[in-house]
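Everything below concerns the one structure shown next.
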Amino acid sequence: MSAAGAAPILEARDISIRFGGVEALKRVSLHLMPGEVLALAGDNGAGKSTLIKILSGVYRADAGELRLDGRTMQMRDPQDARAQGIETIYQDLALADNLDVGSNIFLGREPTRRKLGFQVIDRPRMAQVAREVLERLDIVIPPRKLGGPVKMLSGGQRQAIAIGRAIYWNARVLIMDEPTAALGVPEQRKVMALIGSLKAQGVAVMLISHNLHDIFAVSDRIVVLRRGEVAGERETRHTNGDEIVRLMVGDTYANSR
């Protein structure tokens with residue numbers, strides 16, 4: 001957890017948004033500290049996806065304020081969020097399956113070099129960066145697979161590539177949406193280890209997950225959303241699964257006990 005007295009790197013203050021007659025978020029506030037893992041929990045329809053889309057520039061809130069390093073953020077689109085150091089990894093990872101690892105790390109931002117008087121994509125540079133990024137994350141992908149399409153890699157390796165892309169582009173805040181949902185147990189453990197590594201490197205991580213085991217394994221704090229509102233916030237070490245479920249579902253859970 002970050003040192004006492006440190007300032008939040010990211011804050012959402014009284015965020016509200018409405019879609020037609022439905023108020024998807026109602027005055028939601030939370031903060032994220034440098035080098036902290038904050039879990040965002042909630043049942044389906046609680047507002048988790050809507051909130052992360054606001055934090056990542058996909059949606060614009062109807063009311064409220066986003067602050068980065070204590071300054072009000074102005075975001076028109078996801079490119080603005082990325083330019084300010086906020087990267088989001090969705091469940092589909094947004095990888096180009098037919099391209100190699102280096103191409104996926106640079107996707108849309110490829111480096112170039114001059115060759116025979118023309119600007120060409122610098123593929124050796126991309127391959128070198130791919131190796132360096134994976135080494136930084138302690139991920140081993142055989143050299144023969146580095147140059148092949150990422151669709152041939154395992155789910156855990158693909159998740160690592162998406163994380164590596166964010167880190168290479170200097171993500172200071174990494175939002176991860178259900179990162180272990182489609183993975184087997186060994187790969188789930190590897191992704192949890194990656195999140196721990198990011199935390200040790202000072203990256204602030206927001207983890208959205210239905211998996212309470214994952215949440216309790218890596219998070220420092222848990223914010224629970226229910227029906228578009230913050231139902232509660234707990235330090236992970238001072239709570240348990242029953243309390244988090246109770247916050248997620250409210251009276252329904254209490255009456256079933």
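For the structure tokens, the naming scheme is as follows: chains receive sequential letters (A, B, ...) according to their order of presentation, residues are indexed from 1 within each chain, and ligands are indexed from 1 in presentation order.
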When DSSP works through the backbone of this structure, what residues of stretch 136-257 of chain A end up as alpha helix (DSSP H), shown as a VMD selection string?
chain A and resid 136 143 to 146 155 to 168 185 to 200 212 to 218 241 to 249 251 to 256
Can you write out as JSON lines which residues of stretch 76-140 of chain A fall within 12 Å of stretch 200-212 of chain A, alongside each residue's closest atom pair and its distance in Å to one decimal, counting only C-alpha atoms and ordering rows by chain and ascending residue number?
{"residue": "A:Gly85", "atom": "CA", "partner": "A:Val203", "partner_atom": "CA", "distance": 10.1}
{"residue": "A:Ile86", "atom": "CA", "partner": "A:Ala204", "partner_atom": "CA", "distance": 9.6}
{"residue": "A:Glu87", "atom": "CA", "partner": "A:Val205", "partner_atom": "CA", "distance": 9.8}
{"residue": "A:Thr88", "atom": "CA", "partner": "A:Met206", "partner_atom": "CA", "distance": 9.2}
{"residue": "A:Ile89", "atom": "CA", "partner": "A:Leu207", "partner_atom": "CA", "distance": 10.0}
{"residue": "A:Tyr90", "atom": "CA", "partner": "A:Ile208", "partner_atom": "CA", "distance": 9.8}
{"residue": "A:Gln91", "atom": "CA", "partner": "A:Ile208", "partner_atom": "CA", "distance": 10.2}
{"residue": "A:Arg136", "atom": "CA", "partner": "A:Gln201", "partner_atom": "CA", "distance": 10.3}
{"residue": "A:Leu137", "atom": "CA", "partner": "A:Gln201", "partner_atom": "CA", "distance": 10.4}
Resulting file, chosen residues, C-alpha atoms, as a CSV table (one decimal), in the first residue's frame:
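Dumped everything to selection.csv:
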chain,number,residue,atom,x,y,z
A,85,GLY,CA,-1.1,7.6,-18.5
A,86,ILE,CA,-4.4,5.7,-18.1
A,87,GLU,CA,-4.5,2.4,-19.9
A,88,THR,CA,-7.4,0.0,-19.9
A,89,ILE,CA,-7.3,-3.7,-20.6
A,90,TYR,CA,-10.7,-5.1,-21.4
A,91,GLN,CA,-11.7,-8.7,-21.4
A,136,ARG,CA,10.6,-6.9,-17.4
A,137,LEU,CA,7.4,-8.8,-16.6
Mind checking which residues fall within 10 Å of A:Leu134, counting only C-alpha atoms, ignoring those fewer than 5 positions away in the same chain, and posting them as a PyMOL selection string?
chain A and resi 101+129+139-141+157+160-161+163-165
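Pairwise distance (atom CA of A:Asp80, atom CA of A:Leu55) equals 10.8 Å.
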Produce a table with one row for each residue of stretch 35-82 of chain A that has an atom at most 10 Å from any atom of stretch 179-199 of chain A, each row naming the nearest atom pair and its distance in Å at one decimal; use only C-alpha atoms; arrange rows by chain and rising residue number; format as a tab-separated table.
residue	atom	partner	partner_atom	distance
A:Gly35	CA	A:Lys199	CA	4.7
A:Glu36	CA	A:Lys199	CA	6.1
A:Val37	CA	A:Lys199	CA	6.9
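Non-sequential neighbours of A:Gly57 (distance at most 12 Å, separation of 5 or more positions within a chain, only C-alpha atoms) are A:Thr50, A:Leu51, A:Ile52, A:Leu66, A:Met73, A:Gln74, A:Met75, A:Arg76, A:Asp77, A:Pro78, A:Gln79, A:Asp80, A:Ala81, A:Arg82, A:Ala83, A:Gln84, A:Gly85, A:Ile86, A:Glu87, A:Thr88.
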Step one, run DSSP on the backbone; step two, keep only residues of stretch 43-180 of chain A assigned to strand (DSSP E or B); then write them as a VMD selection string.
chain A and resid 63 to 68 71 to 72 86 to 89 112 to 115 118 to 121 173 to 177
Contacts between stretch 241-252 of chain A and stretch 31-58 of chain A, please, where a residue of stretch 31-58 of chain A counts if it comes within 10 Å (with only C-alpha atoms); show its shortest atom pair and distance in Å to one decimal, rows by chain and ascending number, as a tab-separated table.
residue	atom	partner	partner_atom	distance
A:Ala41	CA	A:Met248	CA	7.4
A:Gly42	CA	A:Met248	CA	5.2
A:Asp43	CA	A:Met248	CA	6.1
A:Asn44	CA	A:Met248	CA	9.7
A:Ala46	CA	A:Met248	CA	8.3
Could you write those residues out with N, CA and C atoms, as a PDB file, in the first residue's frame?
ATOM      1  N   ALA A  41     -15.710  -4.089  -7.100  1.00  0.00           N
ATOM      2  CA  ALA A  41     -16.579  -5.264  -7.078  1.00  0.00           C
ATOM      3  C   ALA A  41     -18.035  -4.838  -7.201  1.00  0.00           C
ATOM      4  N   GLY A  42     -18.859  -5.779  -7.613  1.00  0.00           N
ATOM      5  CA  GLY A  42     -20.287  -5.496  -7.743  1.00  0.00           C
ATOM      6  C   GLY A  42     -20.942  -6.542  -8.624  1.00  0.00           C
ATOM      7  N   ASP A  43     -22.229  -6.733  -8.435  1.00  0.00           N
ATOM      8  CA  ASP A  43     -22.973  -7.702  -9.231  1.00  0.00           C
ATOM      9  C   ASP A  43     -23.168  -7.167 -10.645  1.00  0.00           C
ATOM     10  N   ASN A  44     -23.698  -7.997 -11.543  1.00  0.00           N
ATOM     11  CA  ASN A  44     -24.012  -7.533 -12.892  1.00  0.00           C
ATOM     12  C   ASN A  44     -24.985  -6.356 -12.819  1.00  0.00           C
ATOM     13  N   ALA A  46     -24.209  -3.390 -11.736  1.00  0.00           N
ATOM     14  CA  ALA A  46     -23.896  -2.489 -10.620  1.00  0.00           C
ATOM     15  C   ALA A  46     -23.323  -1.161 -11.087  1.00  0.00           C
TER      16      ALA A  46
END
